[in-house]
file run.txt (compact mmCIF, C-alpha atoms)
# COMPACT_ATOMS: atom_id res chain seq x y z
CA MET A 65 22.59 12.17 -96.34
CA LYS A 66 19.30 11.35 -98.02
CA PHE A 67 16.81 13.69 -99.68
CA ALA A 68 13.14 12.79 -100.10
CA ILE A 69 11.72 14.48 -103.20
CA ILE A 70 7.94 14.40 -103.14
CA VAL A 71 6.22 13.55 -106.43
CA PHE A 72 2.64 14.74 -106.92
CA PRO A 73 0.60 14.16 -110.08
CA GLY A 74 1.84 17.05 -112.23
CA SER A 75 5.21 17.62 -110.50
CA ASN A 76 7.77 18.23 -113.24
CA ARG A 77 10.97 19.48 -111.54
CA ASP A 78 11.33 16.38 -109.37
CA GLU A 79 14.02 14.88 -111.61
CA ASP A 80 15.86 18.22 -111.67
CA ALA A 81 16.01 18.16 -107.87
CA ARG A 82 17.12 14.53 -107.84
CA HIS A 83 19.82 15.28 -110.41
CA VAL A 84 21.22 18.05 -108.21
CA ALA A 85 21.07 15.94 -105.04
CA THR A 86 22.76 12.92 -106.61
CA HIS A 87 24.94 14.04 -109.55
CA VAL A 88 25.90 17.54 -108.39
CA LEU A 89 26.09 17.01 -104.62
CA GLY A 90 26.85 13.26 -104.58
CA GLN A 91 24.17 12.59 -101.97
CA SER A 92 21.40 10.04 -102.02
CA ALA A 93 17.85 10.96 -103.01
CA GLU A 94 14.58 9.10 -103.33
CA LEU A 95 11.47 10.14 -105.19
CA VAL A 96 8.59 9.65 -102.75
CA TYR A 97 5.16 9.28 -104.30
CA HIS A 98 2.37 11.44 -102.90
CA LYS A 99 0.38 8.38 -101.79
CA ASP A 100 3.21 7.21 -99.55
CA ALA A 101 2.59 7.75 -95.86
CA ASP A 102 6.23 8.01 -94.82
CA LEU A 103 9.45 9.61 -95.96
CA HIS A 104 11.63 6.48 -96.13
CA GLY A 105 14.08 7.73 -93.49
CA ALA A 106 15.04 10.90 -95.34
CA ASP A 107 17.08 13.65 -93.65
CA ALA A 108 15.57 16.50 -95.69
CA VAL A 109 12.47 16.95 -97.82
CA ILE A 110 12.13 18.81 -101.13
CA LEU A 111 8.71 19.69 -102.54
CA PRO A 112 9.60 20.28 -106.19
CA GLY A 113 8.17 22.58 -108.83
CA GLY A 114 5.49 21.70 -111.33
CA PHE A 115 1.74 21.89 -111.67
CA SER A 116 0.42 19.49 -109.06
CA TYR A 117 -3.15 18.41 -109.87
CA GLY A 118 -3.08 20.70 -112.89
CA ASP A 119 -3.22 23.76 -110.59
CA TYR A 120 -6.96 23.00 -110.31
CA LEU A 121 -8.91 25.21 -107.89
CA ARG A 122 -5.80 27.05 -106.64
CA THR A 123 -2.11 26.22 -107.01
CA GLY A 124 -1.18 23.68 -104.34
CA ALA A 125 -4.74 23.48 -102.98
CA ILE A 126 -5.34 19.79 -103.77
CA ALA A 127 -1.80 18.53 -103.19
CA ARG A 128 -1.91 19.59 -99.55
CA PHE A 129 -4.42 16.78 -98.90
CA SER A 130 -2.13 14.06 -100.30
CA PRO A 131 -1.31 11.29 -97.79
CA VAL A 132 2.40 12.13 -97.84
CA MET A 133 1.70 15.62 -96.53
CA GLY A 134 0.87 14.15 -93.09
CA ALA A 135 4.42 12.74 -92.97
CA VAL A 136 5.89 16.01 -94.25
CA ARG A 137 4.00 17.94 -91.57
CA ALA A 138 5.19 15.58 -88.82
CA PHE A 139 8.77 15.80 -90.11
CA ALA A 140 8.58 19.60 -90.15
CA GLU A 141 7.12 19.72 -86.64
CA ARG A 142 10.08 17.66 -85.41
CA GLY A 143 12.42 20.26 -86.85
CA GLY A 144 13.40 18.46 -90.07
CA PRO A 145 14.48 20.64 -92.99
CA VAL A 146 11.70 21.05 -95.59
CA VAL A 147 12.14 23.12 -98.74
CA GLY A 148 9.39 23.98 -101.20
CA ILE A 149 10.41 25.26 -104.62
CA CYS A 150 7.87 27.08 -106.84
CA ASN A 151 4.81 24.75 -106.79
CA GLY A 152 6.32 23.24 -103.63
CA PHE A 153 6.22 26.71 -102.05
CA GLN A 154 2.58 27.07 -103.14
CA ILE A 155 1.78 23.68 -101.52
CA LEU A 156 3.52 24.59 -98.22
CA ILE A 157 1.47 27.79 -98.09
CA GLU A 158 -1.83 26.03 -98.84
CA ALA A 159 -0.93 23.43 -96.19
CA GLY A 160 -0.45 26.20 -93.63
CA LEU A 161 3.22 25.28 -93.07
CA LEU A 162 4.14 28.76 -94.31
CA PRO A 163 2.08 31.97 -93.98
CA GLY A 164 0.62 34.21 -96.70
CA ALA A 165 -0.67 33.42 -100.17
CA LEU A 166 0.66 33.34 -103.74
CA LEU A 167 -1.53 35.26 -106.19
CA ARG A 168 -1.63 35.50 -109.97
CA ASN A 169 1.36 37.52 -111.20
CA ARG A 170 0.78 41.27 -111.22
CA ASP A 171 0.72 41.55 -115.03
CA LEU A 172 -0.93 38.11 -115.57
CA LYS A 173 2.11 36.92 -117.51
CA PHE A 174 3.76 33.56 -116.92
CA VAL A 175 7.30 34.72 -116.14
CA CYS A 176 10.13 32.49 -117.38
CA GLU A 177 13.45 34.28 -117.03
CA PHE A 178 16.59 34.66 -114.94
CA VAL A 179 16.19 36.87 -111.87
CA HIS A 180 18.41 38.00 -109.01
CA LEU A 181 17.72 37.21 -105.37
CA ARG A 182 19.29 38.77 -102.32
CA VAL A 183 19.91 36.45 -99.38
CA GLU A 184 18.34 38.21 -96.40
CA GLN A 185 18.89 35.64 -93.64
CA THR A 186 21.45 32.88 -93.26
CA ASP A 187 20.16 31.07 -90.17
CA THR A 188 18.02 28.58 -92.08
CA PRO A 189 18.93 25.09 -93.34
CA PHE A 190 18.70 26.43 -96.89
CA THR A 191 20.98 29.46 -96.51
CA ARG A 192 23.52 28.69 -93.79
CA LEU A 193 26.48 28.61 -96.20
CA ALA A 194 25.40 31.77 -98.06
CA GLN A 195 26.60 35.26 -97.17
CA PRO A 196 24.12 37.84 -95.84
CA GLY A 197 23.30 40.17 -98.74
CA GLN A 198 24.74 37.75 -101.32
CA VAL A 199 23.02 38.14 -104.70
CA LEU A 200 22.15 34.88 -106.47
CA ARG A 201 21.14 34.51 -110.11
CA MET A 202 18.64 31.80 -111.01
CA PRO A 203 15.51 31.30 -113.14
CA VAL A 204 11.85 31.72 -112.28
CA ALA A 205 9.03 29.97 -114.15
CA HIS A 206 5.58 30.62 -112.73
CA GLY A 207 2.20 32.24 -113.28
CA GLU A 208 1.23 32.52 -109.61
CA GLY A 209 4.17 33.76 -107.59
CA ASN A 210 2.91 37.12 -106.42
CA PHE A 211 3.43 36.81 -102.66
CA PHE A 212 0.70 38.40 -100.58
CA ALA A 213 0.06 38.70 -96.85
CA GLU A 214 -2.20 40.95 -94.82
CA PRO A 215 -0.34 43.91 -93.23
CA ASP A 216 -0.19 42.37 -89.74
CA VAL A 217 1.20 39.08 -91.12
CA LEU A 218 3.71 41.02 -93.21
CA ARG A 219 4.85 42.99 -90.17
CA SER A 220 5.41 39.83 -88.18
CA LEU A 221 7.28 38.18 -91.09
CA GLU A 222 9.66 41.14 -91.24
CA ALA A 223 9.97 41.50 -87.45
CA ASN A 224 10.79 37.80 -87.06
CA ARG A 225 13.29 37.88 -89.97
CA GLN A 226 11.29 35.28 -91.91
CA VAL A 227 11.88 36.92 -95.29
CA ILE A 228 14.79 34.84 -96.61
CA PHE A 229 15.06 36.04 -100.22
CA ARG A 230 14.05 39.25 -102.01
CA TYR A 231 13.98 39.99 -105.75
CA THR A 232 16.66 42.56 -106.56
CA ASP A 233 18.73 43.73 -109.49
CA ALA A 234 22.25 42.39 -110.03
CA ALA A 235 23.58 44.98 -107.57
CA GLY A 236 21.22 43.84 -104.82
CA ARG A 237 18.77 46.73 -105.04
CA ALA A 238 15.09 45.84 -104.61
CA THR A 239 13.64 47.90 -107.44
CA ASP A 240 10.16 47.56 -108.91
CA ALA A 241 11.66 46.60 -112.28
CA ALA A 242 13.54 43.72 -110.63
CA ASN A 243 10.34 42.30 -109.13
CA PRO A 244 9.04 39.77 -111.71
CA ASN A 245 5.57 39.17 -110.29
CA GLY A 246 4.53 42.04 -108.00
CA SER A 247 5.31 40.28 -104.70
CA VAL A 248 4.77 42.53 -101.70
CA HIS A 249 8.09 43.75 -100.21
CA ALA A 250 9.76 41.99 -103.20
CA ILE A 251 9.48 38.72 -101.26
CA ALA A 252 10.85 35.73 -103.18
CA GLY A 253 11.15 33.29 -100.29
CA ILE A 254 10.24 32.94 -96.61
CA CYS A 255 10.67 30.54 -93.71
CA ASN A 256 8.38 29.50 -90.86
CA ALA A 257 8.79 30.78 -87.29
CA ALA A 258 10.92 27.75 -86.37
CA ARG A 259 13.09 28.48 -89.48
CA ASN A 260 13.28 24.83 -90.65
CA VAL A 261 10.61 25.14 -93.38
CA VAL A 262 11.60 27.33 -96.34
CA GLY A 263 9.73 28.14 -99.54
CA LEU A 264 10.77 30.15 -102.58
CA MET A 265 9.45 30.75 -106.09
CA PRO A 266 12.76 30.75 -108.05
CA HIS A 267 14.44 27.50 -109.14
CA PRO A 268 17.86 26.96 -107.50
CA GLU A 269 17.82 23.35 -108.75
CA ASP A 270 18.08 24.70 -112.30
CA ALA A 271 21.07 26.89 -111.43
CA CYS A 272 23.62 24.37 -110.15
CA GLU A 273 25.76 23.75 -113.22
CA ALA A 274 27.63 26.13 -115.52
CA ALA A 275 25.98 24.53 -118.56
CA LEU A 276 22.64 25.87 -117.29
CA GLY A 277 23.87 29.45 -117.05
CA SER A 278 24.41 29.73 -113.30
CA THR A 279 25.83 27.78 -110.39
CA ASP A 280 24.40 30.14 -107.77
CA GLY A 281 21.77 27.64 -106.61
CA ARG A 282 24.36 25.17 -105.36
CA VAL A 283 25.06 26.98 -102.10
CA LEU A 284 21.43 26.48 -101.07
CA PHE A 285 21.54 22.70 -101.48
CA GLU A 286 25.03 22.52 -99.96
CA SER A 287 23.53 24.38 -96.99
CA ILE A 288 21.04 21.56 -96.47
CA VAL A 289 23.84 18.98 -96.56
CA ALA A 290 25.83 21.04 -94.02
CA THR A 291 22.75 21.43 -91.81
CA VAL A 292 22.07 17.71 -91.78
CA ALA A 293 25.76 16.94 -91.12
CA ALA A 294 25.82 19.40 -88.19
CA GLY A 295 22.59 17.92 -86.83
CA ALA A 296 23.89 14.36 -87.15
CA ALA A 297 27.03 15.29 -85.21
CA ALA A 298 25.01 16.97 -82.48
CA ARG A 299 22.47 14.25 -81.83
CA PRO A 300 21.77 10.60 -82.54
CA ARG A 301 19.95 9.80 -85.77
CA PRO A 302 16.20 10.29 -85.26
CA ALA A 303 13.78 7.40 -85.38
CA VAL A 304 12.03 6.60 -88.63
CA VAL A 305 9.38 9.18 -89.36
CA THR A 306 5.86 7.85 -89.51
CA ALA A 307 2.80 9.59 -90.82
CA ALA A 308 0.64 11.60 -88.51
CA THR A 309 -3.04 12.02 -89.24
CA PRO A 310 -3.29 14.77 -91.85
CA ARG A 311 -4.81 17.92 -90.44
CA VAL A 312 -7.67 19.00 -92.65
CA MET B 114 -30.35 19.81 -101.56
CA ARG B 115 -28.36 22.06 -103.84
CA ALA B 116 -26.06 24.84 -102.77
CA ARG B 117 -24.25 27.48 -104.79
CA VAL B 118 -20.95 28.81 -103.47
CA PHE B 119 -19.51 32.08 -104.81
CA VAL B 120 -15.82 32.59 -103.98
CA THR B 121 -14.25 36.01 -104.52
CA LEU B 122 -10.99 37.69 -103.61
CA LYS B 123 -11.23 39.86 -100.50
CA PRO B 124 -11.52 43.59 -101.23
CA SER B 125 -7.99 44.12 -99.89
CA VAL B 126 -6.52 41.70 -102.46
CA PHE B 127 -5.66 43.05 -105.93
CA ASP B 128 -7.41 41.12 -108.72
CA PRO B 129 -5.31 41.46 -111.90
CA GLN B 130 -7.76 39.34 -113.93
CA GLY B 131 -10.70 41.54 -112.96
CA LYS B 132 -8.65 44.65 -113.76
CA THR B 133 -7.71 43.28 -117.20
CA ILE B 134 -11.37 42.50 -117.97
CA GLN B 135 -12.35 45.98 -116.80
CA ASP B 136 -9.72 47.53 -119.09
CA ALA B 137 -11.02 45.44 -122.01
CA LEU B 138 -14.57 46.61 -121.33
CA HIS B 139 -13.39 50.22 -121.29
CA THR B 140 -11.66 49.60 -124.64
CA LEU B 141 -15.02 48.34 -125.94
CA GLY B 142 -16.61 51.62 -124.87
CA TYR B 143 -18.26 50.51 -121.61
CA ALA B 144 -17.03 53.45 -119.56
CA GLY B 145 -19.88 52.87 -117.10
CA VAL B 146 -18.30 49.65 -115.81
CA HIS B 147 -16.43 51.03 -112.82
CA ASP B 148 -14.97 47.84 -111.39
CA VAL B 149 -14.75 44.10 -112.17
CA ARG B 150 -13.87 41.40 -109.67
CA GLN B 151 -13.49 37.85 -111.00
CA GLY B 152 -14.42 34.91 -108.80
CA LYS B 153 -15.25 31.20 -108.78
CA TYR B 154 -18.68 29.56 -108.73
CA PHE B 155 -19.46 26.06 -107.42
CA GLU B 156 -22.69 24.04 -107.63
CA LEU B 157 -22.89 21.43 -104.89
CA ASP B 158 -25.38 18.55 -104.77
CA LEU B 159 -25.59 17.74 -101.07
CA ALA B 160 -26.98 14.93 -98.91
CA ALA B 161 -28.66 17.21 -96.38
CA GLY B 162 -32.10 17.02 -94.78
CA SER B 163 -32.70 20.76 -94.40
CA ALA B 164 -31.61 24.09 -95.80
CA ASP B 165 -29.70 24.81 -92.59
CA ALA B 166 -27.84 21.50 -92.80
CA ALA B 167 -27.05 22.12 -96.47
CA ARG B 168 -25.75 25.59 -95.67
CA ALA B 169 -23.60 24.25 -92.82
CA LEU B 170 -22.13 21.52 -95.03
CA ALA B 171 -21.43 23.96 -97.87
CA ALA B 172 -19.72 26.33 -95.44
CA GLU B 173 -17.59 23.50 -94.08
CA VAL B 174 -16.29 22.46 -97.51
CA ALA B 175 -15.80 26.11 -98.50
CA ASP B 176 -13.68 26.66 -95.37
CA LYS B 177 -11.67 23.49 -95.92
CA LEU B 178 -11.07 23.57 -99.66
CA LEU B 179 -13.12 25.79 -101.97
CA ALA B 180 -11.82 29.09 -100.59
CA ASN B 181 -8.45 30.15 -99.20
CA PRO B 182 -9.35 32.26 -96.15
CA VAL B 183 -6.11 34.24 -96.45
CA ILE B 184 -7.19 35.86 -99.72
CA GLU B 185 -10.79 34.86 -100.42
CA SER B 186 -14.27 35.12 -98.96
CA TYR B 187 -17.43 33.27 -100.03
CA ARG B 188 -21.21 33.52 -100.14
CA ILE B 189 -23.62 30.57 -100.10
CA GLU B 190 -27.11 30.21 -101.61
CA VAL B 191 -29.23 27.12 -100.82
CA GLU B 192 -32.28 25.91 -102.73
call {"tool": "encode", "arguments": {"input": "run.txt", "output": "C-alpha cells"}}
result
Amino acid sequence: MKFAIIVFPGSNRDEDARHVATHVLGQSAELVYHKDADLHGADAVILPGGFSYGDYLRTGAIARFSPVMGAVRAFAERGGPVVGICNGFQILIEAGLLPGALLRNRDLKFVCEFVHLRVEQTDTPFTRLAQPGQVLRMPVAHGEGNFFAEPDVLRSLEANRQVIFRYTDAAGRATDAANPNGSVHAIAGICNAARNVVGLMPHPEDACEAALGSTDGRVLFESIVATVAAGAAARPRPAVVTAATPRV
Amino acid sequence: MRARVFVTLKPSVFDPQGKTIQDALHTLGYAGVHDVRQGKYFELDLAAGSADAARALAAEVADKLLANPVIESYRIEVE
C-alpha cells in the first residue's frame, strides 16, 4: 500500500513517518507537498508533526487553507483513512475534520517525554490490531496539546465512542499525574463520527524501533496497513482522488 | 477604513497564560488585580466604503481565520 505524508512549511516529523512506512513496515510512501492538489493515488494519509507555518495565529490555523487540504477532505469524506499526529491533529481540528480544540498546555510547559496511552476503541483504521485497554508507551512533544471541548461536544464524543486514546499511567489508570497537558477526560486522541479520521498528540512514529526506546507505536501503523488490505479485498481499487474545492 | 479586532478566549475556556500573568502581578504586590485574560489584537486596513461594510468584512475574516469559534470570541471597533 501507499502512504501520502503531507508536508507543510514547518513540518518536521514527515521523514520520521516516511521512515516508519518504508523501512519499518516495508510499504511505499510519498511526501506530498502542501501546494499539491491531489494525493498521488495514496491509500492512507498521514498529517505529520511539526510547526506548520511557525504555529502563527493558532497551531494548525494557516495549514488548513493549504491547497492539499481540499484533497485530504475529499479523501476523508470518501472514507479514506486519515491520521493526524501532533501538529497534524491540530490541523485536522482547525480544518473541522475533528471536533474540539487544542489549547496551551495546562502548566504552559512544552512537554517532551514518554507517556502512556490506553487504547479505548479498536474499530478505527489506526487501532484495529490493538487490544482494547492495551497500554502503549510513546513520546509526546508539544506546547499546545490540551484537548478541550464544550460539555455537549464532550458528551457526544464519549457517547459515540470517539475517544480513541487516553493518557494513563503504566498500569492503565487515568490519573491527573499521568496527564501531561491537562486534556479534559485525559483525552490523547479522538476519531470523527465516521471513524476513518483519527488524530492524536503523542508520536507513535517515534516509537517503532527498539533503538528509540519503544516499539509500541508499530501496531498503530500496522493497523492502517491491515485496514487498507481488508478494504482492497472487499472492493475494487478506488479511482484517483482529485481535489475538491477547499471549504473555507 | 480601519478596523481593530480583539480576540479573547471564551469565559468557559481556561487561560493558563492569563493566570500566570495574574500570579506574577500578585507576586509584584498588585493584589487588586483580580483576573487577567490574555488575547490577540489585529489592526486591519480594509477596502470598504462605509463603517458597516468595514465591520461586516472584519467579522467575516474573524469568523474564517482570526478567531477559532470553538474557544474564542471577538469584538470589532471601526474607525
call {"tool": "residues_around", "arguments": {"input": "run.txt", "residues": "B:Pro124", "least_positions_apart": "5", "cutoff": "10 Å", "atoms": "only C-alpha atoms", "output": "list in words"}}
result
Arg150, Ile184, Glu185 and Ser186 of chain B
call {"tool": "atom_distance", "arguments": {"input": "run.txt", "atom1": "atom CA of A:Pro244", "atom2": "atom CA of A:Pro266"}}
result
10.4 Å
call {"tool": "interface_residues", "arguments": {"input": "run.txt", "of": "chain B", "to": "chain A", "cutoff": "7 Å", "atoms": "all atoms listed in the file", "output": "compact mmCIF listing (two decimals) with C-alpha atoms, in the coordinates of the input"}}
result
# COMPACT_ATOMS: atom_id res chain seq x y z
CA PRO B 129 -5.31 41.46 -111.90
CA LYS B 177 -11.67 23.49 -95.92
CA VAL B 183 -6.11 34.24 -96.45
CA ILE B 184 -7.19 35.86 -99.72
call {"tool": "closest_residue", "arguments": {"input": "run.txt", "among": "B:Ala166, B:Ala171, B:Val118, B:Val149", "to": "B:Gln130", "atoms": "only C-alpha atoms"}}
result
B:Val149
call {"tool": "axis_aligned_box", "arguments": {"input": "run.txt", "around": "stretch 253-265 of chain A", "padding_each_side": "4 Å", "output": "JSON"}}
result
{"center_x": 10.8, "center_y": 29.1, "center_z": -96.2, "size_x": 12.9, "size_y": 16.5, "size_z": 27.7}
call {"tool": "residues_near_point", "arguments": {"input": "run.txt", "point": "(17.0, 31.3, -107.9)", "cutoff": "12 Å", "atoms": "all atoms listed in the file", "output": "NGL selection string"}}
result
:A and (149-150 or 176-183 or 199-205 or 229-232 or 252-253 or 263-272 or 277-285)
call {"tool": "write_last_selection", "arguments": {"input": "run.txt", "atoms": "C-alpha atoms", "output": "compact mmCIF listing (two decimals), in the coordinates of the input"}}
result
# COMPACT_ATOMS: atom_id res chain seq x y z
CA ILE A 149 10.41 25.26 -104.62
CA CYS A 150 7.87 27.08 -106.84
CA CYS A 176 10.13 32.49 -117.38
CA GLU A 177 13.45 34.28 -117.03
CA PHE A 178 16.59 34.66 -114.94
CA VAL A 179 16.19 36.87 -111.87
CA HIS A 180 18.41 38.00 -109.01
CA LEU A 181 17.72 37.21 -105.37
CA ARG A 182 19.29 38.77 -102.32
CA VAL A 183 19.91 36.45 -99.38
CA VAL A 199 23.02 38.14 -104.70
CA LEU A 200 22.15 34.88 -106.47
CA ARG A 201 21.14 34.51 -110.11
CA MET A 202 18.64 31.80 -111.01
CA PRO A 203 15.51 31.30 -113.14
CA VAL A 204 11.85 31.72 -112.28
CA ALA A 205 9.03 29.97 -114.15
CA PHE A 229 15.06 36.04 -100.22
CA ARG A 230 14.05 39.25 -102.01
CA TYR A 231 13.98 39.99 -105.75
CA THR A 232 16.66 42.56 -106.56
CA ALA A 252 10.85 35.73 -103.18
CA GLY A 253 11.15 33.29 -100.29
CA GLY A 263 9.73 28.14 -99.54
CA LEU A 264 10.77 30.15 -102.58
CA MET A 265 9.45 30.75 -106.09
CA PRO A 266 12.76 30.75 -108.05
CA HIS A 267 14.44 27.50 -109.14
CA PRO A 268 17.86 26.96 -107.50
CA GLU A 269 17.82 23.35 -108.75
CA ASP A 270 18.08 24.70 -112.30
CA ALA A 271 21.07 26.89 -111.43
CA CYS A 272 23.62 24.37 -110.15
CA GLY A 277 23.87 29.45 -117.05
CA SER A 278 24.41 29.73 -113.30
CA THR A 279 25.83 27.78 -110.39
CA ASP A 280 24.40 30.14 -107.77
CA GLY A 281 21.77 27.64 -106.61
CA ARG A 282 24.36 25.17 -105.36
CA VAL A 283 25.06 26.98 -102.10
CA LEU A 284 21.43 26.48 -101.07
CA PHE A 285 21.54 22.70 -101.48
call {"tool": "residues_around", "arguments": {"input": "run.txt", "residues": "B:Asp148", "least_positions_apart": "4", "cutoff": "10 Å", "atoms": "only C-alpha atoms", "output": "list in words"}}
result
Gly131, Lys132, Ile134, Gln135 and Asp136 of chain B
call {"tool": "build_atoms", "arguments": {"input": "run.txt", "residues": "stretch 133-155 of chain B", "atoms": "N, CA and C atoms", "output": "short mmCIF file (atom, residue, chain, number, x, y, z; two decimals), in the coordinates of the input"}}
result
data_model
loop_
_atom_site.label_atom_id
_atom_site.label_comp_id
_atom_site.auth_asym_id
_atom_site.auth_seq_id
_atom_site.Cartn_x
_atom_site.Cartn_y
_atom_site.Cartn_z
N THR B 133 -7.93 43.45 -115.75
CA THR B 133 -7.71 43.28 -117.20
C THR B 133 -9.05 43.24 -117.94
N ILE B 134 -10.04 42.56 -117.35
CA ILE B 134 -11.37 42.50 -117.97
C ILE B 134 -12.00 43.90 -117.98
N GLN B 135 -11.83 44.61 -116.88
CA GLN B 135 -12.35 45.98 -116.80
C GLN B 135 -11.72 46.86 -117.89
N ASP B 136 -10.41 46.75 -118.05
CA ASP B 136 -9.72 47.53 -119.09
C ASP B 136 -10.25 47.18 -120.48
N ALA B 137 -10.50 45.87 -120.70
CA ALA B 137 -11.02 45.44 -122.01
C ALA B 137 -12.41 46.03 -122.25
N LEU B 138 -13.22 46.05 -121.19
CA LEU B 138 -14.57 46.61 -121.33
C LEU B 138 -14.50 48.11 -121.63
N HIS B 139 -13.55 48.79 -121.01
CA HIS B 139 -13.39 50.22 -121.29
C HIS B 139 -12.97 50.42 -122.75
N THR B 140 -12.08 49.53 -123.24
CA THR B 140 -11.66 49.60 -124.64
C THR B 140 -12.87 49.42 -125.57
N LEU B 141 -13.81 48.58 -125.13
CA LEU B 141 -15.02 48.34 -125.94
C LEU B 141 -16.03 49.48 -125.82
N GLY B 142 -15.73 50.47 -124.98
CA GLY B 142 -16.61 51.62 -124.87
C GLY B 142 -17.53 51.60 -123.66
N TYR B 143 -17.40 50.58 -122.79
CA TYR B 143 -18.26 50.51 -121.61
C TYR B 143 -17.65 51.29 -120.44
N ALA B 144 -17.64 52.61 -120.59
CA ALA B 144 -17.03 53.45 -119.56
C ALA B 144 -17.80 53.37 -118.25
N GLY B 145 -19.06 52.94 -118.31
CA GLY B 145 -19.88 52.87 -117.10
C GLY B 145 -19.57 51.67 -116.21
N VAL B 146 -18.69 50.78 -116.66
CA VAL B 146 -18.30 49.65 -115.81
C VAL B 146 -17.13 50.11 -114.94
N HIS B 147 -17.44 50.41 -113.67
CA HIS B 147 -16.43 51.03 -112.82
C HIS B 147 -15.43 50.03 -112.24
N ASP B 148 -15.87 48.80 -112.02
CA ASP B 148 -14.97 47.84 -111.39
C ASP B 148 -15.41 46.42 -111.76
N VAL B 149 -14.45 45.51 -111.91
CA VAL B 149 -14.75 44.10 -112.17
C VAL B 149 -13.93 43.27 -111.21
N ARG B 150 -14.58 42.36 -110.52
CA ARG B 150 -13.87 41.40 -109.67
C ARG B 150 -14.22 40.02 -110.18
N GLN B 151 -13.22 39.20 -110.51
CA GLN B 151 -13.49 37.85 -111.00
C GLN B 151 -13.46 36.88 -109.82
N GLY B 152 -14.39 35.89 -109.88
CA GLY B 152 -14.42 34.91 -108.80
C GLY B 152 -14.64 33.51 -109.32
N LYS B 153 -14.97 32.59 -108.41
CA LYS B 153 -15.25 31.20 -108.78
C LYS B 153 -16.66 30.84 -108.30
N TYR B 154 -17.31 29.95 -109.03
CA TYR B 154 -18.68 29.56 -108.73
C TYR B 154 -18.77 28.04 -108.68
N PHE B 155 -19.33 27.51 -107.59
CA PHE B 155 -19.46 26.06 -107.42
C PHE B 155 -20.92 25.69 -107.23
#
